[in-house]
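Structure file model.txt (compact mmCIF, C-alpha atoms) is printed below.
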# COMPACT_ATOMS: atom_id res chain seq x y z
CA ALA A 1 107.77 237.84 -14.31
CA GLN A 2 109.49 234.83 -12.71
CA GLN A 3 107.25 234.57 -9.60
CA PRO A 4 104.26 232.98 -11.37
CA GLN A 5 106.63 230.37 -12.86
CA GLN A 6 108.01 229.46 -9.44
CA HIS A 7 104.49 229.27 -7.99
CA GLN A 8 103.45 226.95 -10.79
CA GLN A 9 106.40 224.63 -10.11
CA TYR A 10 105.59 224.51 -6.41
CA ALA A 11 101.96 223.82 -7.06
CA ALA A 12 102.84 221.11 -9.57
CA TYR A 13 105.29 219.14 -7.47
CA GLY A 14 104.30 220.23 -3.92
CA ALA A 15 107.81 219.47 -2.65
CA GLN A 16 109.89 222.56 -3.40
CA GLN A 17 109.36 224.54 -0.17
CA PRO A 18 111.41 227.65 0.68
CA TYR A 19 114.61 227.05 2.62
CA GLY A 20 113.27 228.65 5.81
CA ALA A 21 110.17 226.55 5.84
CA GLN A 22 112.21 223.34 5.51
CA GLN A 23 114.46 224.30 8.40
CA GLN A 24 111.48 225.19 10.62
CA THR A 25 109.84 221.87 9.89
CA GLN A 26 112.98 219.94 10.80
CA GLN A 27 113.23 221.79 14.13
CA THR A 28 109.61 221.34 15.21
CA GLN A 29 109.06 217.69 14.23
CA GLN A 30 110.58 215.13 16.58
CA PRO A 31 110.75 211.41 15.81
CA VAL A 32 108.19 209.44 17.74
CA ALA A 33 109.03 205.86 18.67
CA PRO A 34 106.30 203.36 17.72
CA ALA A 35 104.34 201.95 20.60
CA PRO A 36 105.30 198.39 21.42
CA THR A 37 102.75 195.87 20.24
CA GLN A 38 101.89 192.86 22.34
CA GLN A 39 101.05 189.70 20.43
CA ARG A 40 98.45 187.61 22.11
CA PRO A 41 99.11 183.87 21.91
CA SER A 42 96.76 182.09 19.55
CA ALA A 43 94.58 179.27 20.72
CA ALA A 44 96.62 176.76 18.69
CA SER A 45 99.95 177.83 20.24
CA ALA A 46 98.50 177.62 23.74
CA LEU A 47 97.66 173.93 23.32
CA PRO A 48 100.28 171.30 24.16
CA PRO A 49 101.88 169.48 21.20
CA PRO A 50 100.04 166.30 20.16
CA PRO A 51 101.56 163.00 21.20
CA PRO A 52 103.48 161.04 18.55
CA ALA A 53 101.37 158.75 16.39
CA GLN A 54 101.18 155.19 17.58
CA PRO A 55 100.02 152.18 15.52
CA LYS A 56 96.65 150.81 16.53
CA LYS A 57 97.62 147.30 15.46
CA CYS A 58 100.85 145.77 14.24
CA VAL A 59 102.54 142.46 13.59
CA ASP A 60 106.19 141.73 12.86
CA ARG A 61 106.12 140.27 9.34
CA ALA A 62 107.86 140.92 6.00
CA ALA A 63 104.78 140.24 3.91
CA THR A 64 102.55 141.34 1.07
CA LEU A 65 98.96 142.00 2.16
CA ALA A 66 95.35 141.76 1.00
CA PHE A 67 92.29 142.86 2.97
CA SER A 68 89.06 140.88 2.96
CA PRO A 69 86.36 142.78 1.03
CA THR A 70 83.57 141.61 3.36
CA ALA A 71 85.03 140.65 6.76
CA PRO A 72 87.53 142.07 9.30
CA TYR A 73 90.48 139.99 8.14
CA VAL A 74 93.77 140.66 6.41
CA ALA A 75 95.90 138.03 4.62
CA ALA A 76 99.69 138.18 4.76
CA GLY A 77 102.00 136.17 2.49
CA THR A 78 105.75 135.98 3.06
CA MET A 79 107.23 138.56 0.70
CA ALA A 80 109.70 137.53 -1.97
CA GLY A 81 113.12 139.13 -1.69
CA ALA A 82 112.74 140.06 1.98
CA ILE A 83 114.98 138.71 4.74
CA ASP A 84 113.90 138.58 8.37
CA MET A 85 116.08 138.49 11.47
CA SER A 86 116.17 134.68 11.52
CA PHE A 87 117.15 134.38 7.82
CA THR A 88 114.44 131.77 7.31
CA THR A 89 113.64 130.69 3.75
CA SER A 90 110.19 129.29 4.48
CA SER A 91 106.97 130.84 3.17
CA THR A 92 103.48 130.91 4.66
CA LEU A 93 100.07 132.46 4.16
CA GLU A 94 98.57 133.81 7.38
CA ILE A 95 95.19 135.42 8.10
CA PHE A 96 94.91 137.96 10.89
CA LYS A 97 91.80 139.32 12.54
CA VAL A 98 91.50 143.13 12.42
CA ASP A 99 89.98 144.21 15.73
CA PHE A 100 90.46 147.22 17.98
CA ASP A 101 90.61 145.77 21.47
CA GLY A 102 93.20 146.74 24.05
CA SER A 103 96.06 144.72 22.52
CA THR A 104 98.29 146.31 19.86
CA GLU A 105 99.19 143.03 18.13
CA LEU A 106 97.06 141.56 15.38
CA PRO A 107 95.80 138.13 16.45
CA LEU A 108 95.98 135.18 14.10
CA ALA A 109 92.57 134.04 12.87
CA GLY A 110 93.72 130.51 12.10
CA ALA A 111 96.60 128.22 11.31
CA ALA A 112 99.42 129.34 9.04
CA VAL A 113 99.33 127.71 5.59
CA PRO A 114 102.73 126.65 4.19
CA ALA A 115 103.50 127.77 0.62
CA PRO A 116 105.98 126.21 -1.82
CA GLU A 117 107.46 129.61 -2.76
CA ARG A 118 107.35 133.19 -1.55
CA PHE A 119 104.70 135.68 -2.65
CA HIS A 120 104.94 138.72 -4.88
CA ARG A 121 101.24 139.63 -4.79
CA LEU A 122 98.01 138.76 -2.99
CA ALA A 123 94.42 139.46 -4.04
CA TRP A 124 91.22 138.74 -2.11
CA GLY A 125 88.03 138.40 -4.15
CA THR A 126 84.35 137.77 -3.42
CA THR A 127 83.99 134.67 -5.59
CA GLY A 128 81.67 132.12 -3.98
CA ILE A 129 80.23 134.40 -1.29
CA GLU A 130 76.81 134.80 -2.90
CA SER A 131 76.46 131.08 -3.59
CA GLU A 132 77.84 130.35 -0.09
CA THR A 133 80.28 127.83 -1.52
CA HIS A 134 83.12 129.99 -0.18
CA SER A 135 81.76 132.12 2.64
CA LEU A 136 84.83 134.37 2.84
CA GLY A 137 85.62 134.48 -0.86
CA ILE A 138 88.88 133.41 -2.49
CA ILE A 139 92.49 134.50 -1.93
CA ALA A 140 94.84 134.40 -4.93
CA GLY A 141 98.59 134.38 -4.40
CA GLY A 142 101.21 135.08 -7.08
CA LEU A 143 104.45 133.21 -6.39
CA VAL A 144 108.06 133.64 -7.42
CA ASP A 145 108.05 130.56 -9.66
CA GLY A 146 105.07 131.73 -11.76
CA THR A 147 102.42 129.73 -9.92
CA VAL A 148 99.11 131.27 -8.86
CA LEU A 149 97.56 129.53 -5.85
CA LEU A 150 93.87 129.87 -4.94
CA TYR A 151 93.00 129.60 -1.23
CA ASP A 152 89.69 129.19 0.58
CA PRO A 153 90.08 131.39 3.69
CA SER A 154 87.00 129.89 5.34
CA LYS A 155 89.02 126.69 5.77
CA VAL A 156 91.70 128.61 7.67
CA VAL A 157 89.75 131.01 9.88
CA GLY A 158 88.85 129.36 13.17
CA THR A 159 91.41 126.56 13.00
CA ALA A 160 93.99 126.01 15.72
CA THR A 161 96.98 128.32 15.39
CA SER A 162 99.46 125.80 16.87
CA SER A 163 101.52 123.97 14.23
CA ASP A 164 101.53 120.89 16.43
CA ASP A 165 97.74 120.54 16.30
CA ALA A 166 96.64 117.85 13.85
CA ASN A 167 93.42 119.66 13.03
CA GLY A 168 95.39 122.77 12.20
CA ASP A 169 97.61 120.83 9.80
CA SER A 170 94.63 119.28 7.99
CA ALA A 171 92.92 122.65 7.68
CA ALA A 172 96.08 124.19 6.26
CA SER A 173 96.49 121.46 3.68
CA GLY A 174 92.86 121.77 2.55
CA ALA A 175 93.01 125.56 2.17
CA VAL A 176 94.59 125.38 -1.30
CA VAL A 177 91.73 124.73 -3.73
CA ALA A 178 93.48 125.26 -7.09
CA LYS A 179 96.91 125.72 -8.62
CA LEU A 180 97.27 127.75 -11.85
CA ASN A 181 100.37 126.94 -13.88
CA GLN A 182 100.45 129.18 -16.92
CA HIS A 183 103.21 131.72 -16.22
CA THR A 184 106.87 130.79 -16.41
CA SER A 185 108.25 133.54 -14.15
CA ALA A 186 107.39 135.63 -11.09
CA VAL A 187 103.75 136.79 -10.87
CA ARG A 188 103.73 140.46 -9.86
CA GLY A 189 100.31 141.50 -11.17
CA LEU A 190 97.15 140.00 -9.69
CA GLU A 191 93.62 141.38 -9.26
CA PHE A 192 89.97 140.27 -9.27
CA ASN A 193 87.44 142.12 -11.40
CA SER A 194 85.07 144.13 -9.18
CA PHE A 195 82.18 143.82 -11.68
CA SER A 196 82.64 140.11 -12.41
CA PRO A 197 84.29 138.59 -9.31
CA ASN A 198 84.87 135.32 -11.14
CA LEU A 199 87.46 136.99 -13.43
CA LEU A 200 91.03 137.05 -12.18
CA ALA A 201 93.83 138.81 -14.10
CA SER A 202 97.45 137.79 -13.61
CA GLY A 203 100.64 139.23 -15.09
CA ALA A 204 104.22 138.00 -14.82
CA ALA A 205 107.76 138.64 -15.94
CA ASP A 206 107.10 136.51 -19.05
CA ASN A 207 105.30 139.55 -20.55
CA ASP A 208 101.89 137.80 -20.79
CA LEU A 209 98.58 138.67 -19.17
CA CYS A 210 96.22 135.83 -18.28
CA ILE A 211 92.50 136.17 -17.63
CA TRP A 212 91.12 133.31 -15.53
CA ASP A 213 87.49 132.38 -14.95
CA VAL A 214 87.35 131.00 -11.41
CA ALA A 215 83.57 130.56 -11.17
CA ASN A 216 84.38 126.88 -10.69
CA VAL A 217 87.24 127.39 -8.27
CA SER A 218 88.42 123.81 -8.28
CA SER A 219 88.73 123.83 -12.09
CA PRO A 220 89.37 127.38 -13.42
CA SER A 221 89.34 128.09 -17.16
CA LEU A 222 91.75 130.32 -19.06
CA TYR A 223 91.00 132.86 -21.77
CA PRO A 224 93.56 133.46 -24.55
CA ALA A 225 96.61 135.19 -23.11
CA LEU A 226 97.27 138.86 -23.93
CA LYS A 227 100.72 139.16 -25.45
CA GLY A 228 103.08 142.10 -25.04
CA ALA A 229 102.05 143.45 -21.64
CA ALA A 230 105.36 145.32 -21.35
CA SER A 231 105.67 146.40 -25.00
CA ASP A 232 106.21 149.96 -26.14
CA GLY A 233 103.87 150.33 -29.08
CA ALA A 234 104.61 147.54 -31.52
CA ALA A 235 108.07 146.78 -30.14
CA SER A 236 108.76 144.55 -27.19
CA VAL A 237 111.18 145.93 -24.61
CA ALA A 238 113.95 143.49 -23.76
CA GLY A 239 114.04 142.51 -20.09
CA ALA A 240 110.75 144.26 -19.29
CA GLU A 241 108.49 142.63 -16.71
CA THR A 242 104.88 143.24 -15.81
CA SER A 243 105.00 144.85 -12.37
CA PHE A 244 101.33 145.67 -11.66
CA LEU A 245 97.86 145.53 -13.18
CA ALA A 246 94.45 146.98 -12.31
CA TRP A 247 90.89 146.71 -13.61
CA ASN A 248 89.05 149.90 -14.54
CA ARG A 249 86.54 150.97 -11.85
CA LYS A 250 83.91 152.15 -14.36
CA VAL A 251 84.24 149.90 -17.45
CA GLN A 252 84.47 146.21 -16.63
CA HIS A 253 86.31 145.05 -19.78
CA ILE A 254 89.17 147.58 -19.50
CA LEU A 255 92.41 146.47 -17.86
CA ALA A 256 95.70 148.35 -17.42
CA SER A 257 99.17 146.92 -16.87
CA THR A 258 102.48 148.61 -16.17
CA SER A 259 106.02 147.32 -16.38
CA THR A 260 109.61 147.74 -15.26
CA SER A 261 110.40 149.35 -18.64
CA GLY A 262 108.17 152.31 -17.75
CA THR A 263 105.44 151.46 -20.27
CA THR A 264 101.77 151.35 -19.29
CA VAL A 265 99.32 149.50 -21.56
CA VAL A 266 95.52 149.80 -21.48
CA TRP A 267 93.71 146.69 -22.76
CA ASP A 268 90.23 146.18 -24.20
CA LEU A 269 89.27 142.60 -23.42
CA LYS A 270 86.34 142.63 -25.82
CA ARG A 271 88.73 143.26 -28.70
CA GLN A 272 91.58 141.26 -27.15
CA LYS A 273 94.15 143.96 -27.90
CA PRO A 274 95.63 147.12 -26.40
CA VAL A 275 93.79 150.43 -26.71
CA ILE A 276 96.79 152.64 -25.97
CA SER A 277 100.27 152.47 -24.48
CA PHE A 278 102.23 155.36 -22.99
CA SER A 279 105.29 156.22 -20.92
CA ASP A 280 107.00 159.28 -19.51
CA PRO A 281 108.62 161.04 -22.52
CA SER A 282 111.27 162.73 -20.40
CA MET A 283 112.61 159.62 -18.66
CA LYS A 284 112.13 155.87 -18.80
CA ARG A 285 111.09 155.23 -15.20
CA ARG A 286 110.59 151.79 -13.70
CA CYS A 287 106.89 151.62 -12.81
CA SER A 288 105.87 149.76 -9.68
CA ALA A 289 102.09 150.29 -9.26
CA LEU A 290 99.02 151.89 -10.82
CA GLN A 291 95.42 152.60 -9.86
CA TRP A 292 92.38 153.88 -11.75
CA ASN A 293 90.43 156.91 -10.61
CA PRO A 294 87.20 155.43 -9.12
CA ASP A 295 85.15 158.40 -10.38
CA VAL A 296 86.72 159.24 -13.77
CA ALA A 297 87.06 156.27 -16.12
CA THR A 298 89.86 157.80 -18.22
CA GLN A 299 92.22 158.79 -15.40
CA LEU A 300 94.83 156.67 -13.66
CA VAL A 301 97.85 157.24 -11.46
CA VAL A 302 101.16 155.47 -12.13
CA ALA A 303 103.81 155.13 -9.42
CA SER A 304 107.55 154.78 -9.96
CA ASP A 305 109.94 153.58 -7.25
CA ASP A 306 112.99 154.34 -9.40
CA ASP A 307 115.76 155.52 -7.05
CA ARG A 308 116.84 158.18 -9.55
CA SER A 309 113.48 159.91 -9.56
CA PRO A 310 110.58 158.36 -7.61
CA SER A 311 107.27 159.84 -8.65
CA LEU A 312 103.49 159.67 -8.88
CA GLN A 313 102.04 160.67 -12.25
CA VAL A 314 98.36 161.21 -13.04
CA TRP A 315 97.44 160.47 -16.66
CA ASP A 316 94.24 161.34 -18.51
CA LEU A 317 93.71 159.17 -21.57
CA ARG A 318 91.53 161.82 -23.19
CA ASN A 319 94.66 163.94 -23.66
CA SER A 320 96.85 161.13 -24.99
CA ILE A 321 96.18 161.66 -28.72

Would you give me this structure, written as structure tokens?
Amino acid sequence: AQQPQQHQQYAAYGAQQPYGAQQQTQQTQQPVAPAPTQQRPSAASALPPPPPAQPKKCVDRAATLAFSPTAPYVAAGTMAGAIDMSFTTSSTLEIFKVDFDGSTELPLAGAAVPAPERFHRLAWGTTGIESETHSLGIIAGGLVDGTVLLYDPSKVVGTATSSDDANGDSAASGAVVAKLNQHTSAVRGLEFNSFSPNLLASGAADNDLCIWDVANVSSPSLYPALKGAASDGAASVAGAETSFLAWNRKVQHILASTSTSGTTVVWDLKRQKPVISFSDPSMKRRCSALQWNPDVATQLVVASDDDRSPSLQVWDLRNSI
């Protein structure tokens, strides 16, 4: 009566073999060592390692830069707060030619232009190119003392690079076409509008944004200043400074500014007031730069160089409410 029960258990589990069968299985089966496998070297591992990256062009300068939008030139202004090996306190604006010949050093395109103070920001716009009044556009430089200088690079390119040359000195002195004195502290935000090249936005540590019309470069006009560029909502943050600003790449009357307090403000110039302001809710980070997404009008990236937690944050204004 018990045999069917045992048979059912064996059939159900398939593991309860009789003792003799288990012993016979252990005696007949011998462990077989796995065959060694040979790994063929991949094509990538067979190639020699690539050589270390080398700069195509370089120049020994502590400077803030701006590339020409239409020609192979780059402008370099002596950077504020930087100290070179000679401990010099002078400041100059230089224009280098970007070529790819055999030399690794960027050649100067013209004489160096002395500046009264050091630069925080440079911007190179296309103002005057279409009318041919300024064939290489206009360079704007934001200085430590709050001054914004406008340069005509066409008066620099092609001049003698030697400081002892009289023609070089005259060209350098004539390169400055306008001096904008509205800010009272260091200008850290500076950018031309890509839709309307005659509009120049500037922001400084005085917490104001200025919109300049430089269509007449020798006599620019100023729109009413935007107050509270570093404010958090309705409250102004003590000690906050505008650190960067950028025009929207899709909507020409939208401008964004960010500050050392960590607050970013988006402005509508048609209404002359901010649309929205935001900051990282988890930490008040010092913001150093921002850029709009060139394809999506509501997205921008904000950079923080805060030593405690440097970061890049992408914000979408559609999700800000």

Polymer residues at most 10 Å from (111.3, 147.4, -8.1) by all atoms listed in the file, as number ranges by chain: A: 243, 259-260, 286-289, 304-307

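Going from atom CA of A:Thr64 over to atom CA of A:Leu149, you cover 14.6 Å.
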
Using all atoms listed in the file, which protein or nucleic acid residues come within 7 Å of stretch 135-143 of chain A? Drop anything in the same chain fewer than 3 positions from it, and give the result as a tab-separated table (two decimals) with C-alpha atoms, in the coordinates of the input.
chain	number	residue	atom	x	y	z
A	117	GLU	CA	107.46	129.61	-2.76
A	118	ARG	CA	107.35	133.19	-1.55
A	119	PHE	CA	104.70	135.68	-2.65
A	120	HIS	CA	104.94	138.72	-4.88
A	121	ARG	CA	101.24	139.63	-4.79
A	122	LEU	CA	98.01	138.76	-2.99
A	123	ALA	CA	94.42	139.46	-4.04
A	124	TRP	CA	91.22	138.74	-2.11
A	125	GLY	CA	88.03	138.40	-4.15
A	126	THR	CA	84.35	137.77	-3.42
A	127	THR	CA	83.99	134.67	-5.59
A	128	GLY	CA	81.67	132.12	-3.98
A	129	ILE	CA	80.23	134.40	-1.29
A	132	GLU	CA	77.84	130.35	-0.09
A	146	GLY	CA	105.07	131.73	-11.76
A	147	THR	CA	102.42	129.73	-9.92
A	148	VAL	CA	99.11	131.27	-8.86
A	149	LEU	CA	97.56	129.53	-5.85
A	150	LEU	CA	93.87	129.87	-4.94
A	151	TYR	CA	93.00	129.60	-1.23
A	152	ASP	CA	89.69	129.19	0.58
A	153	PRO	CA	90.08	131.39	3.69
A	154	SER	CA	87.00	129.89	5.34
A	186	ALA	CA	107.39	135.63	-11.09
A	187	VAL	CA	103.75	136.79	-10.87
A	188	ARG	CA	103.73	140.46	-9.86
A	190	LEU	CA	97.15	140.00	-9.69

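Taking atom CA of A:Cys58 as the reference point, atom CA of A:Met79 is found at 16.6 Å.
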
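Within 10 Å of A:Val314, once only C-alpha atoms are used and residues closer than 5 positions along the same chain are dropped, the contacting residues are Leu290, Gln291, Trp292, Asn293, Gln299, Leu300, Val301, Val302 and Ala303 of chain A.
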
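If you measure from each of A:Ser68, A:Asn181, A:Ser90, A:Thr161 to A:Ala109 using all atoms listed in the file, the closest one turns out to be A:Thr161.
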
(89.8, 146.1, -12.2) in this file's frame - what residues fall within 8 Å of it? Use all atoms listed in the file and give the answer as a PDB file with C-alpha atoms, in the frame of the given file.
ATOM      1  CA  GLU A 191      93.620 141.380  -9.260  1.00  0.00           C
ATOM      2  CA  PHE A 192      89.970 140.270  -9.270  1.00  0.00           C
ATOM      3  CA  ASN A 193      87.440 142.120 -11.400  1.00  0.00           C
ATOM      4  CA  SER A 194      85.070 144.130  -9.180  1.00  0.00           C
ATOM      5  CA  PHE A 195      82.180 143.820 -11.680  1.00  0.00           C
ATOM      6  CA  ALA A 246      94.450 146.980 -12.310  1.00  0.00           C
ATOM      7  CA  TRP A 247      90.890 146.710 -13.610  1.00  0.00           C
ATOM      8  CA  ASN A 248      89.050 149.900 -14.540  1.00  0.00           C
ATOM      9  CA  ARG A 249      86.540 150.970 -11.850  1.00  0.00           C
ATOM     10  CA  GLN A 252      84.470 146.210 -16.630  1.00  0.00           C
ATOM     11  CA  ILE A 254      89.170 147.580 -19.500  1.00  0.00           C
ATOM     12  CA  LEU A 255      92.410 146.470 -17.860  1.00  0.00           C
TER      13      LEU A 255
END

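The gap separating atom CA of A:Trp315 from atom CA of A:Met283 is 15.3 Å, in Å to one decimal.
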
Minimum-distance residue to A:Cys210, chosen among A:Thr242, A:Pro310, A:Ala111, A:Ala82 (using all atoms listed in the file): A:Thr242

Would you mind listing what lies within 8 Å of A:Phe278 as a PyMOL selection string, with all atoms listed in the file counted and same-chain residues fewer than 2 positions away left out? chain A and resi 232+263-265+276+280

Padding 3 Å on every side, please: axis-aligned box over the listed atoms of stretch 199-204 of chain A, centre and edge lengths to one decimal in Å, as lines of an AutoDock Vina configuration file.
center_x = 95.8
center_y = 138.1
center_z = -13.6
size_x = 22.8
size_y = 8.2
size_z = 8.9

Distance criterion (all atoms listed in the file): nearest to A:Pro69 out of A:Pro197, A:Val266, A:Ser277, A:Ser131: A:Pro197
